[in-house]
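Heads up, the thing below is written out as structure tokens.
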Amino acid sequence: MPVNLELPIYGYPAVIWTQDVVFKSKVRKDDASMDLQQQVLRTDVSGMPLEWVGYQEAVRLISLGQVSYALGRSVFSIRGGINAISGLRSSIDVNAIIATSGRHPHKHLFGKGYVPPLSNKALFRRDQSMCLYCGQQFPAYLLSRDHVNPISQGGADTWTNVVTACKRCNNYKAGRTPEQAGIQLLAIPFSPTHAEYVYLQGRRILADQMDFLLKHFPRNSVLRQRVERGKPLLS
Ligand SMILES: [Zn+2]
């Protein structure tokens, strides 16, 4: 069940959190587990995953009263300024997942025709850094975007026509289709949904964030199978 964030600091009229205040606020140093690089998963009020935000944006959203509820473990505890009336120091806890209310121009993200932007980073992540021709995993600098049906033969630069390929395989294949090059494609390329794309963009995703995201993957998600197996599907 969602837990309502009860933040008494809202009640202190003199405390106005602005970007500036947040910037100057201090993170408690006694919590060694707190990592300011940790991303917070922002969802809409119905729980649809929207994007990753940093701690400053998360605190800003909470302080503006835009967070309806929060889920997951507490990842940050941020101290603000001292309230002029109460003399108390304000503090704010940020959870791993925050559901934000208000108007969201995000409806299109969940429509049937929505296609997330294509980037090499997200593509390599979709294919788990594996060359879909030789089946080996490589660091990003040895990977490339291969157009299954080459652009020179009318192929499109779209999720369903691109795969991760090591530079060696890509050079070998060159401007040919896999059939023309006599090589086999190990998995069919697919376009991620928005929830899957959020996963592809994440770094150091916490277990509760991952569980949450997986629930929003399509029922027959290939990506879910890859994530749950912990290695790419080869067939
Ligand atoms: Zn290869």
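Ligands are numbered from 1 in the order shown, chains are lettered A, B, ... in the order of the structure tokens, and residues start at 1 in each chain.
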
Q: Kindly provide, as JSON, numbers by chain, all nucleotide and amino acid residues lying within 6 Å of ligand 1, counting only C-alpha atoms and all ligand atoms.
A: {"A": [131, 133, 134, 165, 166, 168, 169]}

Residues near region 182-192 of chain A, anyone? I mean within 6 Å using only C-alpha atoms, not counting same-chain ones fewer than 5 positions away, as a PyMOL selection string. chain A and resi 132-133+159-160+197+234

Prev. selection, N, CA and C atoms, output as a tab-separated table (two decimals), in the first residue's frame:
chain	number	residue	atom	x	y	z
A	132	LEU	N	24.68	-9.03	-31.16
A	132	LEU	CA	23.64	-9.97	-31.57
A	132	LEU	C	24.03	-10.79	-32.80
A	133	TYR	N	25.30	-10.73	-33.16
A	133	TYR	CA	25.80	-11.62	-34.23
A	133	TYR	C	26.74	-12.69	-33.68
A	159	TRP	N	14.13	1.31	-33.57
A	159	TRP	CA	14.39	0.24	-32.60
A	159	TRP	C	14.24	-1.15	-33.21
A	160	THR	N	13.26	-1.30	-34.10
A	160	THR	CA	12.99	-2.63	-34.63
A	160	THR	C	13.90	-3.01	-35.79
A	197	TYR	N	11.84	1.64	-21.18
A	197	TYR	CA	12.84	2.66	-21.50
A	197	TYR	C	13.37	3.32	-20.23
A	234	LEU	N	19.29	-16.14	-26.06
A	234	LEU	CA	20.01	-16.39	-27.32
A	234	LEU	C	19.13	-16.99	-28.38

Assign secondary structure with DSSP using the backbone only, and return the residues of region 11-217 of chain A in alpha helix (DSSP H) as number ranges by chain. A: 19-24, 55-63, 120-126, 167-173, 178-181, 194-201, 207-215

Using only C-alpha atoms, the residue out of A:Asn149, A:Asn95, A:Thr164, A:Gln201 with shortest distance to Gln137 (chain A) is A:Thr164

Practice item. Might you pull out every residue within 12 Å of Val227 (chain A), with only C-alpha atoms counted and same-chain residues fewer than 5 positions away left off, and present them as a list in words? Key: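 Near Val227 (chain A), the qualifying residues are Arg125, Arg126, Asp127, Gln128, Glu196, Tyr199, Leu200, Met210, Asp211, Leu213, Leu214, Phe217, Ser221, Val222, Pro232 and Leu233 of chain A.
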
- [ ] For Ile151 (chain A), list every protein, DNA or RNA residue within 10 Å, evaluated using only C-alpha atoms, and leave out those in the same chain fewer than 4 positions away; present the list as a list of chain:residue names.
- [x]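 Contacts, in chain order: A:Asp146, A:His147, A:Gly155, A:Ala156, A:Asp157, A:Asn161, A:Gly175, A:Arg176.
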
* Name all residues at most 10 Å from Leu206 (chain A) (count only C-alpha atoms; drop same-chain ones fewer than 2 positions away) and give them as an NGL selection string. => :A and (38-41 or 72-73 or 75 or 96-97 or 202-204 or 208-212)

### Task
Would you return as a count of residues only the members of region 108-226 of chain A that DSSP assigns to strand (DSSP E) on this structure's backbone?
10
